[in-house]
>>> print(open('model-v2.cif').read())   # mmCIF, C-alpha atoms
data_target
#
loop_
_atom_site.label_atom_id
_atom_site.label_comp_id
_atom_site.auth_asym_id
_atom_site.auth_seq_id
_atom_site.Cartn_x
_atom_site.Cartn_y
_atom_site.Cartn_z
CA MET A 1 -82.80 -32.39 -78.00
CA THR A 2 -80.65 -29.70 -76.54
CA THR A 3 -80.32 -28.73 -72.90
CA THR A 4 -79.26 -25.41 -71.53
CA ALA A 5 -77.49 -24.96 -68.29
CA SER A 6 -79.31 -23.01 -65.69
CA PRO A 7 -77.84 -19.75 -64.39
CA ALA A 8 -77.55 -21.31 -60.94
CA ALA A 9 -75.48 -24.21 -62.27
CA SER A 10 -73.19 -21.87 -64.19
CA THR A 11 -72.69 -19.78 -61.10
CA GLY A 12 -71.86 -22.90 -59.06
CA ARG A 13 -69.23 -24.08 -61.57
CA THR A 14 -67.69 -20.64 -61.68
CA ALA A 15 -67.44 -20.49 -57.89
CA ALA A 16 -65.96 -23.98 -57.75
CA SER A 17 -63.36 -23.04 -60.38
CA ALA A 18 -62.51 -19.97 -58.37
CA ASP A 19 -62.06 -22.11 -55.25
CA ARG A 20 -59.71 -24.44 -57.12
CA ALA A 21 -57.65 -21.58 -58.59
CA PRO A 22 -54.00 -21.74 -57.51
CA THR A 23 -52.98 -19.18 -54.96
CA THR A 24 -49.56 -17.60 -54.69
CA THR A 25 -47.97 -16.71 -51.36
CA ALA A 26 -45.29 -14.08 -50.77
CA PRO A 27 -41.87 -15.51 -49.95
CA PRO A 28 -40.96 -15.24 -46.27
CA THR A 29 -38.84 -12.29 -45.43
CA SER A 30 -36.12 -12.37 -42.84
CA GLY A 31 -36.52 -10.14 -39.80
CA ARG A 32 -32.93 -8.88 -40.07
CA ASN A 33 -30.95 -7.86 -43.07
CA PRO A 34 -27.53 -9.64 -42.97
CA ARG A 35 -25.77 -6.72 -44.61
CA ARG A 36 -27.30 -4.27 -42.19
CA ARG A 37 -26.34 -6.53 -39.29
CA GLN A 38 -22.71 -6.59 -40.46
CA SER A 39 -22.76 -2.81 -40.78
CA VAL A 40 -24.04 -2.44 -37.21
CA ASP A 41 -21.39 -4.86 -35.90
CA GLY A 42 -18.73 -2.91 -37.73
CA MET A 43 -19.93 0.30 -36.11
CA TYR A 44 -19.70 -1.35 -32.67
CA TYR A 45 -16.12 -2.42 -33.31
CA LEU A 46 -15.30 1.05 -34.58
CA PHE A 47 -16.16 2.43 -31.12
CA LEU A 48 -14.81 -0.52 -29.13
CA VAL A 49 -11.37 -1.17 -30.63
CA PRO A 50 -9.82 2.31 -30.21
CA SER A 51 -11.02 2.51 -26.60
CA LEU A 52 -9.74 -0.99 -25.91
CA VAL A 53 -6.35 -0.19 -27.41
CA LEU A 54 -6.02 3.03 -25.42
CA PHE A 55 -7.08 1.30 -22.19
CA THR A 56 -4.60 -1.50 -22.79
CA LEU A 57 -1.69 0.84 -23.53
CA ALA A 58 -2.47 3.36 -20.77
CA ILE A 59 -3.71 1.08 -17.97
CA THR A 60 -3.18 -2.64 -18.50
CA VAL A 61 0.38 -2.66 -19.84
CA PRO A 62 1.79 -0.22 -17.21
CA ALA A 63 0.03 -2.18 -14.45
CA LEU A 64 1.51 -5.48 -15.62
CA LEU A 65 4.96 -3.93 -15.95
CA GLY A 66 4.66 -2.50 -12.46
CA ILE A 67 3.72 -5.87 -11.01
CA PHE A 68 6.66 -7.40 -12.86
CA TYR A 69 9.09 -4.83 -11.47
CA SER A 70 7.77 -5.36 -7.94
CA PHE A 71 9.74 -8.63 -7.94
CA THR A 72 12.98 -6.82 -8.82
CA ASN A 73 15.26 -4.19 -7.30
CA PHE A 74 14.50 -1.68 -10.07
CA ILE A 75 14.83 1.96 -8.93
CA GLY A 76 13.19 3.51 -11.97
CA PHE A 77 16.19 3.51 -14.31
CA GLY A 78 19.33 1.53 -14.96
CA ASP A 79 19.94 -2.16 -14.42
CA TRP A 80 17.86 -4.45 -12.23
CA GLU A 81 17.71 -8.07 -11.12
CA PHE A 82 15.07 -10.40 -9.70
CA ILE A 83 14.84 -10.56 -5.92
CA GLY A 84 11.63 -12.57 -5.57
CA ILE A 85 9.17 -11.55 -2.86
CA THR A 86 11.71 -9.60 -0.84
CA ASN A 87 9.87 -6.33 -1.45
CA TYR A 88 6.58 -7.80 -0.28
CA ILE A 89 8.12 -9.13 2.91
CA ALA A 90 9.68 -5.72 3.56
CA VAL A 91 6.35 -3.94 3.01
CA PHE A 92 4.64 -5.96 5.75
CA SER A 93 7.42 -5.10 8.20
CA ASP A 94 7.81 -1.41 7.33
CA PRO A 95 6.43 0.82 10.13
CA ALA A 96 5.99 3.80 7.79
CA ILE A 97 3.83 1.83 5.35
CA LEU A 98 1.83 0.17 8.12
CA SER A 99 1.24 3.62 9.61
CA SER A 100 -0.02 4.90 6.25
CA TYR A 101 -2.45 1.98 6.00
CA LEU A 102 -3.67 2.61 9.54
CA PHE A 103 -4.18 6.32 8.87
CA THR A 104 -5.91 5.74 5.53
CA PHE A 105 -8.37 3.16 6.79
CA GLY A 106 -9.12 5.16 9.94
CA PHE A 107 -9.61 8.32 7.91
CA ALA A 108 -11.87 6.47 5.44
CA ILE A 109 -14.08 5.02 8.19
CA VAL A 110 -14.52 8.34 10.03
CA THR A 111 -15.17 10.25 6.79
CA VAL A 112 -17.71 7.71 5.55
CA LEU A 113 -19.69 7.99 8.78
CA LEU A 114 -19.59 11.79 8.82
CA VAL A 115 -20.45 12.21 5.13
CA ASN A 116 -23.36 9.77 5.17
CA VAL A 117 -24.93 11.12 8.37
CA VAL A 118 -24.73 14.76 7.25
CA ALA A 119 -25.78 14.01 3.65
CA PHE A 120 -28.76 11.92 4.77
CA LEU A 121 -30.00 14.60 7.16
CA LEU A 122 -29.60 17.27 4.48
CA ALA A 123 -31.45 15.07 1.98
CA VAL A 124 -34.35 14.66 4.40
CA GLY A 125 -34.52 18.43 4.85
CA LEU A 126 -34.22 19.18 1.12
CA THR A 127 -37.03 16.75 0.21
CA SER A 128 -39.43 18.08 2.84
CA GLN A 129 -42.02 20.81 2.35
CA ILE A 130 -39.74 23.82 2.69
CA LYS A 131 -39.44 26.96 0.59
CA ALA A 132 -36.69 27.38 -2.02
CA LYS A 133 -35.58 23.76 -1.70
CA THR A 134 -34.59 23.64 -5.38
CA ALA A 135 -32.27 26.63 -4.94
CA LEU A 136 -30.84 25.12 -1.76
CA ARG A 137 -30.08 21.87 -3.58
CA ALA A 138 -28.10 23.82 -6.16
CA VAL A 139 -26.14 25.61 -3.43
CA PHE A 140 -25.22 22.39 -1.65
CA VAL A 141 -24.00 20.80 -4.90
CA ILE A 142 -21.46 23.59 -5.62
CA PRO A 143 -18.51 21.98 -3.72
CA MET A 144 -18.74 18.93 -5.97
CA VAL A 145 -17.67 20.90 -9.06
CA ILE A 146 -14.59 22.53 -7.49
CA SER A 147 -11.18 20.89 -7.80
CA GLY A 148 -10.00 19.11 -4.68
CA ILE A 149 -6.57 20.72 -4.72
CA VAL A 150 -8.15 24.20 -4.94
CA ILE A 151 -10.42 23.41 -2.00
CA ALA A 152 -7.44 22.11 -0.02
CA TYR A 153 -5.40 25.29 -0.53
CA VAL A 154 -8.34 27.50 0.43
CA PHE A 155 -8.93 25.56 3.64
CA ASN A 156 -5.18 25.54 4.29
CA PHE A 157 -5.31 29.33 4.49
CA LEU A 158 -8.40 29.21 6.71
CA PHE A 159 -6.92 26.68 9.13
CA SER A 160 -3.52 28.39 9.20
CA ASN A 161 -4.61 32.05 9.45
CA SER A 162 -8.32 32.77 9.79
CA LEU A 163 -9.19 30.13 12.38
CA PRO A 164 -6.23 30.90 14.73
CA ALA A 165 -6.98 34.64 14.50
CA PHE A 166 -10.63 34.04 15.36
CA ALA A 167 -9.71 31.66 18.20
CA THR A 168 -7.31 34.23 19.63
CA ALA A 169 -9.98 36.95 19.49
CA VAL A 170 -12.59 34.88 21.35
CA GLY A 171 -10.12 33.13 23.66
CA ILE A 172 -10.27 29.53 22.41
CA GLY A 173 -6.82 28.38 23.47
CA PRO A 174 -6.49 25.01 21.66
CA LEU A 175 -7.25 26.61 18.28
CA GLU A 176 -4.98 29.62 18.59
CA GLU A 177 -2.34 27.62 16.71
CA SER A 178 -2.96 26.00 13.34
CA ILE A 179 -4.36 22.50 13.68
CA LEU A 180 -2.39 21.59 10.55
CA ALA A 181 0.79 21.76 12.65
CA ASN A 182 -0.64 19.55 15.39
CA PRO A 183 0.07 15.82 14.83
CA ASP A 184 -2.98 14.92 16.90
CA LEU A 185 -5.43 17.23 15.11
CA ALA A 186 -4.15 17.50 11.53
CA TRP A 187 -6.23 14.51 10.45
CA VAL A 188 -9.38 16.33 11.57
CA SER A 189 -8.80 19.02 8.97
CA ILE A 190 -8.47 16.39 6.25
CA VAL A 191 -11.73 14.77 7.32
CA ILE A 192 -13.54 18.14 7.33
CA VAL A 193 -12.33 19.18 3.87
CA THR A 194 -12.94 15.76 2.32
CA ALA A 195 -16.43 15.63 3.80
CA TRP A 196 -17.17 19.17 2.57
CA GLN A 197 -16.30 18.07 -0.97
CA SER A 198 -17.95 14.64 -0.83
CA ILE A 199 -21.29 15.47 0.78
CA PRO A 200 -22.91 16.86 -2.43
CA GLY A 201 -22.51 13.64 -4.42
CA THR A 202 -23.77 11.53 -1.53
CA LEU A 203 -26.60 14.01 -1.01
CA LEU A 204 -27.84 13.61 -4.59
CA ILE A 205 -28.02 9.83 -4.22
CA TYR A 206 -30.00 10.12 -0.99
CA ILE A 207 -32.37 12.66 -2.56
CA ALA A 208 -33.03 10.21 -5.40
CA GLY A 209 -33.74 7.47 -2.87
CA LEU A 210 -36.09 9.62 -0.77
CA LEU A 211 -38.02 10.83 -3.81
CA SER A 212 -38.60 7.20 -4.85
CA ILE A 213 -40.60 6.47 -1.66
CA PRO A 214 -44.38 6.68 -2.31
CA GLY A 215 -46.22 9.30 -0.27
CA GLU A 216 -48.90 6.75 0.64
CA VAL A 217 -46.39 5.01 2.89
CA TYR A 218 -46.03 8.09 5.08
CA GLU A 219 -49.78 8.65 5.05
CA ALA A 220 -50.34 5.11 6.33
CA ALA A 221 -47.68 5.59 9.00
CA ALA A 222 -49.29 8.86 10.10
CA ILE A 223 -52.68 7.17 10.33
CA ASP A 224 -51.12 4.54 12.57
CA GLY A 225 -49.93 7.34 14.85
CA ALA A 226 -46.24 7.40 13.91
CA LYS A 227 -44.52 10.69 14.73
CA PRO A 228 -41.95 12.25 12.32
CA PHE A 229 -38.94 10.72 14.09
CA ARG A 230 -40.65 7.32 14.16
CA GLN A 231 -41.39 7.60 10.45
CA LEU A 232 -37.76 8.48 9.77
CA TRP A 233 -36.47 5.50 11.74
CA SER A 234 -39.05 2.85 10.83
CA VAL A 235 -40.10 3.89 7.31
CA THR A 236 -37.49 6.07 5.61
CA LEU A 237 -34.29 4.32 6.69
CA PRO A 238 -35.42 0.76 5.75
CA LEU A 239 -36.65 1.95 2.34
CA VAL A 240 -33.38 3.71 1.47
CA ALA A 241 -31.13 0.96 2.87
CA GLY A 242 -29.89 0.11 -0.62
CA TYR A 243 -28.81 3.71 -1.18
CA VAL A 244 -27.03 3.73 2.17
CA VAL A 245 -25.08 0.60 1.24
CA ILE A 246 -24.03 2.07 -2.11
CA ASN A 247 -22.93 5.37 -0.58
CA VAL A 248 -20.96 3.69 2.18
CA ILE A 249 -19.06 1.31 -0.08
CA LEU A 250 -18.39 3.77 -2.90
CA GLY A 251 -17.32 6.42 -0.41
CA PHE A 252 -14.99 4.05 1.42
CA LYS A 253 -13.31 3.04 -1.84
CA ASN A 254 -12.83 6.67 -2.86
CA TYR A 255 -11.40 7.72 0.49
CA LEU A 256 -8.81 4.95 0.35
CA ASN A 257 -7.34 6.84 -2.64
CA ALA A 258 -7.08 10.15 -0.77
CA TYR A 259 -4.23 12.20 -2.17
CA GLU A 260 -4.81 15.73 -3.49
CA VAL A 261 -6.62 17.05 -0.40
CA ILE A 262 -3.81 15.75 1.81
CA VAL A 263 -1.16 17.31 -0.43
CA GLY A 264 -2.88 20.68 -0.36
CA LEU A 265 -3.53 20.67 3.39
CA THR A 266 -0.66 18.96 5.20
CA ASN A 267 1.55 17.34 2.54
CA GLY A 268 1.54 14.27 4.75
CA GLY A 269 2.69 16.13 7.85
CA PRO A 270 3.41 16.98 10.52
CA GLY A 271 6.12 14.41 9.94
CA THR A 272 4.33 11.46 8.37
CA SER A 273 1.25 11.53 10.62
CA THR A 274 -1.20 12.20 7.76
CA ARG A 275 0.51 10.37 4.92
CA SER A 276 -1.97 8.17 3.06
CA ILE A 277 -1.26 4.99 1.11
CA ALA A 278 -1.49 6.76 -2.25
CA MET A 279 0.84 9.52 -1.09
CA THR A 280 3.35 6.98 0.23
CA ILE A 281 3.36 5.18 -3.12
CA PHE A 282 3.83 8.33 -5.21
CA THR A 283 6.52 9.64 -2.90
CA GLY A 284 8.41 6.36 -3.24
CA PHE A 285 8.27 6.53 -7.02
CA THR A 286 10.16 9.83 -7.00
CA GLY A 287 12.51 8.79 -4.21
CA GLY A 288 14.21 5.80 -5.85
CA ASP A 289 11.98 3.10 -4.30
CA TYR A 290 10.15 2.24 -7.50
CA ALA A 291 10.09 -1.54 -7.17
CA TYR A 292 9.48 -1.39 -3.42
CA GLN A 293 6.50 0.94 -3.78
CA MET A 294 5.20 -1.09 -6.71
CA ALA A 295 4.97 -4.02 -4.32
CA ASN A 296 3.05 -1.73 -1.98
CA ALA A 297 0.83 -0.63 -4.87
CA THR A 298 0.18 -4.24 -5.85
CA ILE A 299 -0.95 -5.07 -2.32
CA PHE A 300 -3.16 -1.99 -2.31
CA PHE A 301 -4.59 -3.05 -5.69
CA VAL A 302 -5.52 -6.47 -4.30
CA ILE A 303 -7.25 -4.79 -1.35
CA ALA A 304 -9.20 -2.58 -3.76
CA ILE A 305 -10.26 -5.64 -5.77
CA VAL A 306 -11.50 -7.36 -2.61
CA ILE A 307 -13.52 -4.28 -1.66
CA SER A 308 -14.96 -4.11 -5.19
CA LEU A 309 -16.05 -7.75 -5.01
CA LEU A 310 -17.58 -7.05 -1.63
CA GLN A 311 -19.47 -4.15 -3.14
CA LEU A 312 -20.86 -6.30 -5.93
CA ARG A 313 -21.90 -8.98 -3.47
CA ILE A 314 -23.64 -6.61 -1.09
CA THR A 315 -25.37 -4.47 -3.71
CA ARG A 316 -26.66 -7.54 -5.53
CA GLY A 317 -29.96 -8.91 -4.28
CA LYS A 318 -32.01 -7.24 -1.60
CA ALA A 319 -29.65 -4.31 -1.18
CA ALA A 320 -29.49 -3.61 -4.91
CA ILE A 321 -31.70 -0.91 -6.37
CA ALA A 322 -33.93 -2.24 -9.08
#
>>> encode(input="model-v2.cif", output="structure tokens")
Amino acid sequence: MTTTASPAASTGRTAASADRAPTTTAPPTSGRNPRRRQSVDGMYYLFLVPSLVLFTLAITVPALLGIFYSFTNFIGFGDWEFIGITNYIAVFSDPAILSSYLFTFGFAIVTVLLVNVVAFLLAVGLTSQIKAKTALRAVFVIPMVISGIVIAYVFNFLFSNSLPAFATAVGIGPLEESILANPDLAWVSIVIVTAWQSIPGTLLIYIAGLLSIPGEVYEAAAIDGAKPFRQLWSVTLPLVAGYVVINVILGFKNYLNAYEVIVGLTNGGPGTSTRSIAMTIFTGFTGGDYAYQMANATIFFVIAIVISLLQLRITRGKAAIA
């Protein structure tokens, strides 16, 4: 007696065999190709190494040599010998150098205040609902692209010729003589020219900060009855505080290095009344006081490092711009 399998049974066995059939899985692939990774690393080093070598040869090595020579009596050529910290002691007791530090820091403080106040007010005006504000922004940025020494020579002519002639014509006695020749007023010209050149860069930062404030904030303040001046004081200033901090610290650091504007305007005069730290250092290099002024430069470098650390500390956290 023979039995035949039913179609249902055959179908069941076929399905079971299919379920038991071995399956093959694709080998896992790595997310990164090692050869490609090495190629990318090599490209990074190709850009990094030449820049690092140039920076070391042009900046690091001369700086270290200068610090080394600050402990000697080296005059820029010839023989030398170690004299310890004699140069540093002399720097702290030199009236000319102390006067240059006093002038530079005073000039930097006054210029920072003037530049930030004027730039902030201009930024408020150039972000308000006025006509041709885009064209006005372009006009106010022009001084930033002109060389400082060129600006200084142009203003030198204005302060020495045009301004005295105008003052004589209208009868303004104190300005009938060039303020560049007045030891009490020469610093004012340096502040004016430096501010004229620095305001555009500061202005752009303030414009960026003002444009980042949502309009709803001012709408809410207006609903609460705040007038424009109240909005400026209680809404705008707190919201751009981080930008104010950045502008103040960066500006102060830049003004400590004032050199070309002073050279073009007063050349450190009358006498040494407007001689900055940078100008004192460079003048010493060409006058046979190489090691002595290197000690001065080293002290100035330490001061700049302290200010940089202060900048990082202040701009980090609540004052930093996310």
>>> residues_around(input="model-v2.cif", residues="range 98-108 of chain A", least_positions_apart="4", cutoff="9 Å", atoms="only C-alpha atoms", output="PyMOL selection string")
chain A and resi 91-94+112-113+187-188+190-191+251-258+272-280
>>> atom_distance(input="model-v2.cif", atom1="CA of Leu203 in chain A", atom2="CA of Leu158 in chain A")
24.9 Å
>>> atom_distance(input="model-v2.cif", atom1="CA of Thr266 in chain A", atom2="CA of Leu180 in chain A")
6.2 Å
>>> atom_distance(input="model-v2.cif", atom1="CA of Tyr218 in chain A", atom2="CA of Val235 in chain A")
7.6 Å
>>> residues_around(input="model-v2.cif", residues="Ile75 in chain A", least_positions_apart="5", cutoff="7 Å", atoms="only C-alpha atoms", output="PyMOL selection string")
chain A and resi 288-291
>>> residues_near_point(input="model-v2.cif", point="(-28.1, 4.8, -2.2)", cutoff="12 Å", atoms="all atoms listed in the file", output="PyMOL selection string")
chain A and resi 116+119-120+123+201-212+237-251+315+319-322
>>> closest_residue(input="model-v2.cif", among="A:Phe55, A:Phe300, A:Phe82, A:Trp196", to="Pro143 in chain A", atoms="only C-alpha atoms")
A:Trp196
>>> closest_residue(input="model-v2.cif", among="A:Pro164, A:Gly125, A:Pro200, A:Gly42", to="Leu232 in chain A", atoms="all atoms listed in the file")
A:Gly125
>>> closest_residue(input="model-v2.cif", among="A:Ala295, A:Ile199, A:Gln231, A:Arg313", to="Gly84 in chain A", atoms="all atoms listed in the file")
A:Ala295
>>> resolve_selection(input="model-v2.cif", expression="the PyMOL selection byres ((chain A and resi 298) around 10)", output="ChimeraX atom specification")
/A:63-64,66-67,70,88,293-297,299-304
>>> build_atoms(input="model-v2.cif", residues="range 147-158 of chain A", atoms="all heavy atoms", output="PDB file, keeping the file's coordinate frame")
ATOM      1  N   SER A 147     -12.325  21.790  -7.886  1.00  0.00           N
ATOM      2  CA  SER A 147     -11.180  20.890  -7.800  1.00  0.00           C
ATOM      3  C   SER A 147     -10.766  20.675  -6.350  1.00  0.00           C
ATOM      4  O   SER A 147     -10.752  21.605  -5.540  1.00  0.00           O
ATOM      5  CB  SER A 147     -10.012  21.453  -8.604  1.00  0.00           C
ATOM      6  OG  SER A 147      -8.834  20.725  -8.377  1.00  0.00           O
ATOM      7  N   GLY A 148     -10.396  19.442  -6.038  1.00  0.00           N
ATOM      8  CA  GLY A 148     -10.000  19.110  -4.680  1.00  0.00           C
ATOM      9  C   GLY A 148      -8.763  19.850  -4.226  1.00  0.00           C
ATOM     10  O   GLY A 148      -8.672  20.275  -3.063  1.00  0.00           O
ATOM     11  N   ILE A 149      -7.803  20.034  -5.103  1.00  0.00           N
ATOM     12  CA  ILE A 149      -6.570  20.720  -4.720  1.00  0.00           C
ATOM     13  C   ILE A 149      -6.846  22.196  -4.441  1.00  0.00           C
ATOM     14  O   ILE A 149      -6.243  22.804  -3.535  1.00  0.00           O
ATOM     15  CB  ILE A 149      -5.488  20.560  -5.814  1.00  0.00           C
ATOM     16  CG1 ILE A 149      -4.117  20.982  -5.291  1.00  0.00           C
ATOM     17  CG2 ILE A 149      -5.865  21.283  -7.064  1.00  0.00           C
ATOM     18  CD1 ILE A 149      -3.557  20.104  -4.230  1.00  0.00           C
ATOM     19  N   VAL A 150      -7.769  22.816  -5.186  1.00  0.00           N
ATOM     20  CA  VAL A 150      -8.150  24.200  -4.940  1.00  0.00           C
ATOM     21  C   VAL A 150      -8.822  24.330  -3.579  1.00  0.00           C
ATOM     22  O   VAL A 150      -8.517  25.238  -2.782  1.00  0.00           O
ATOM     23  CB  VAL A 150      -9.070  24.722  -6.058  1.00  0.00           C
ATOM     24  CG1 VAL A 150      -9.600  26.117  -5.721  1.00  0.00           C
ATOM     25  CG2 VAL A 150      -8.334  24.743  -7.387  1.00  0.00           C
ATOM     26  N   ILE A 151      -9.744  23.412  -3.304  1.00  0.00           N
ATOM     27  CA  ILE A 151     -10.420  23.410  -2.000  1.00  0.00           C
ATOM     28  C   ILE A 151      -9.407  23.256  -0.877  1.00  0.00           C
ATOM     29  O   ILE A 151      -9.483  23.931   0.157  1.00  0.00           O
ATOM     30  CB  ILE A 151     -11.473  22.287  -1.955  1.00  0.00           C
ATOM     31  CG1 ILE A 151     -12.587  22.557  -2.962  1.00  0.00           C
ATOM     32  CG2 ILE A 151     -12.050  22.143  -0.547  1.00  0.00           C
ATOM     33  CD1 ILE A 151     -13.571  21.419  -3.090  1.00  0.00           C
ATOM     34  N   ALA A 152      -8.437  22.366  -1.067  1.00  0.00           N
ATOM     35  CA  ALA A 152      -7.440  22.110  -0.020  1.00  0.00           C
ATOM     36  C   ALA A 152      -6.616  23.355   0.270  1.00  0.00           C
ATOM     37  O   ALA A 152      -6.366  23.679   1.443  1.00  0.00           O
ATOM     38  CB  ALA A 152      -6.535  20.960  -0.444  1.00  0.00           C
ATOM     39  N   TYR A 153      -6.202  24.090  -0.751  1.00  0.00           N
ATOM     40  CA  TYR A 153      -5.400  25.290  -0.530  1.00  0.00           C
ATOM     41  C   TYR A 153      -6.213  26.401   0.134  1.00  0.00           C
ATOM     42  O   TYR A 153      -5.686  27.158   0.960  1.00  0.00           O
ATOM     43  CB  TYR A 153      -4.795  25.783  -1.842  1.00  0.00           C
ATOM     44  CG  TYR A 153      -3.583  24.985  -2.282  1.00  0.00           C
ATOM     45  CD1 TYR A 153      -3.531  24.381  -3.537  1.00  0.00           C
ATOM     46  CD2 TYR A 153      -2.494  24.841  -1.425  1.00  0.00           C
ATOM     47  CE1 TYR A 153      -2.421  23.649  -3.931  1.00  0.00           C
ATOM     48  CE2 TYR A 153      -1.388  24.112  -1.814  1.00  0.00           C
ATOM     49  CZ  TYR A 153      -1.358  23.508  -3.063  1.00  0.00           C
ATOM     50  OH  TYR A 153      -0.252  22.782  -3.431  1.00  0.00           O
ATOM     51  N   VAL A 154      -7.485  26.495  -0.218  1.00  0.00           N
ATOM     52  CA  VAL A 154      -8.340  27.500   0.430  1.00  0.00           C
ATOM     53  C   VAL A 154      -8.490  27.189   1.913  1.00  0.00           C
ATOM     54  O   VAL A 154      -8.342  28.068   2.780  1.00  0.00           O
ATOM     55  CB  VAL A 154      -9.711  27.554  -0.266  1.00  0.00           C
ATOM     56  CG1 VAL A 154     -10.679  28.426   0.541  1.00  0.00           C
ATOM     57  CG2 VAL A 154      -9.580  28.091  -1.687  1.00  0.00           C
ATOM     58  N   PHE A 155      -8.767  25.938   2.235  1.00  0.00           N
ATOM     59  CA  PHE A 155      -8.930  25.560   3.640  1.00  0.00           C
ATOM     60  C   PHE A 155      -7.584  25.609   4.376  1.00  0.00           C
ATOM     61  O   PHE A 155      -7.564  25.805   5.594  1.00  0.00           O
ATOM     62  CB  PHE A 155      -9.545  24.165   3.741  1.00  0.00           C
ATOM     63  CG  PHE A 155     -11.042  24.169   3.712  1.00  0.00           C
ATOM     64  CD1 PHE A 155     -11.727  24.044   2.513  1.00  0.00           C
ATOM     65  CD2 PHE A 155     -11.771  24.307   4.877  1.00  0.00           C
ATOM     66  CE1 PHE A 155     -13.108  24.050   2.475  1.00  0.00           C
ATOM     67  CE2 PHE A 155     -13.157  24.309   4.856  1.00  0.00           C
ATOM     68  CZ  PHE A 155     -13.836  24.186   3.650  1.00  0.00           C
ATOM     69  N   ASN A 156      -6.496  25.399   3.660  1.00  0.00           N
ATOM     70  CA  ASN A 156      -5.180  25.540   4.290  1.00  0.00           C
ATOM     71  C   ASN A 156      -5.009  26.959   4.826  1.00  0.00           C
ATOM     72  O   ASN A 156      -4.524  27.164   5.953  1.00  0.00           O
ATOM     73  CB  ASN A 156      -4.094  25.217   3.262  1.00  0.00           C
ATOM     74  CG  ASN A 156      -2.706  25.167   3.878  1.00  0.00           C
ATOM     75  OD1 ASN A 156      -2.335  26.021   4.671  1.00  0.00           O
ATOM     76  ND2 ASN A 156      -1.934  24.167   3.498  1.00  0.00           N
ATOM     77  N   PHE A 157      -5.404  27.939   4.035  1.00  0.00           N
ATOM     78  CA  PHE A 157      -5.310  29.330   4.490  1.00  0.00           C
ATOM     79  C   PHE A 157      -6.243  29.573   5.679  1.00  0.00           C
ATOM     80  O   PHE A 157      -5.876  30.248   6.651  1.00  0.00           O
ATOM     81  CB  PHE A 157      -5.673  30.276   3.341  1.00  0.00           C
ATOM     82  CG  PHE A 157      -5.674  31.719   3.728  1.00  0.00           C
ATOM     83  CD1 PHE A 157      -4.490  32.448   3.760  1.00  0.00           C
ATOM     84  CD2 PHE A 157      -6.860  32.366   4.072  1.00  0.00           C
ATOM     85  CE1 PHE A 157      -4.492  33.785   4.133  1.00  0.00           C
ATOM     86  CE2 PHE A 157      -6.860  33.700   4.447  1.00  0.00           C
ATOM     87  CZ  PHE A 157      -5.673  34.409   4.476  1.00  0.00           C
ATOM     88  N   LEU A 158      -7.446  29.008   5.617  1.00  0.00           N
ATOM     89  CA  LEU A 158      -8.400  29.210   6.710  1.00  0.00           C
ATOM     90  C   LEU A 158      -7.899  28.598   8.012  1.00  0.00           C
ATOM     91  O   LEU A 158      -7.972  29.225   9.080  1.00  0.00           O
ATOM     92  CB  LEU A 158      -9.759  28.614   6.336  1.00  0.00           C
ATOM     93  CG  LEU A 158     -10.507  29.268   5.167  1.00  0.00           C
ATOM     94  CD1 LEU A 158     -11.778  28.504   4.858  1.00  0.00           C
ATOM     95  CD2 LEU A 158     -10.812  30.722   5.479  1.00  0.00           C
TER      96      LEU A 158
END
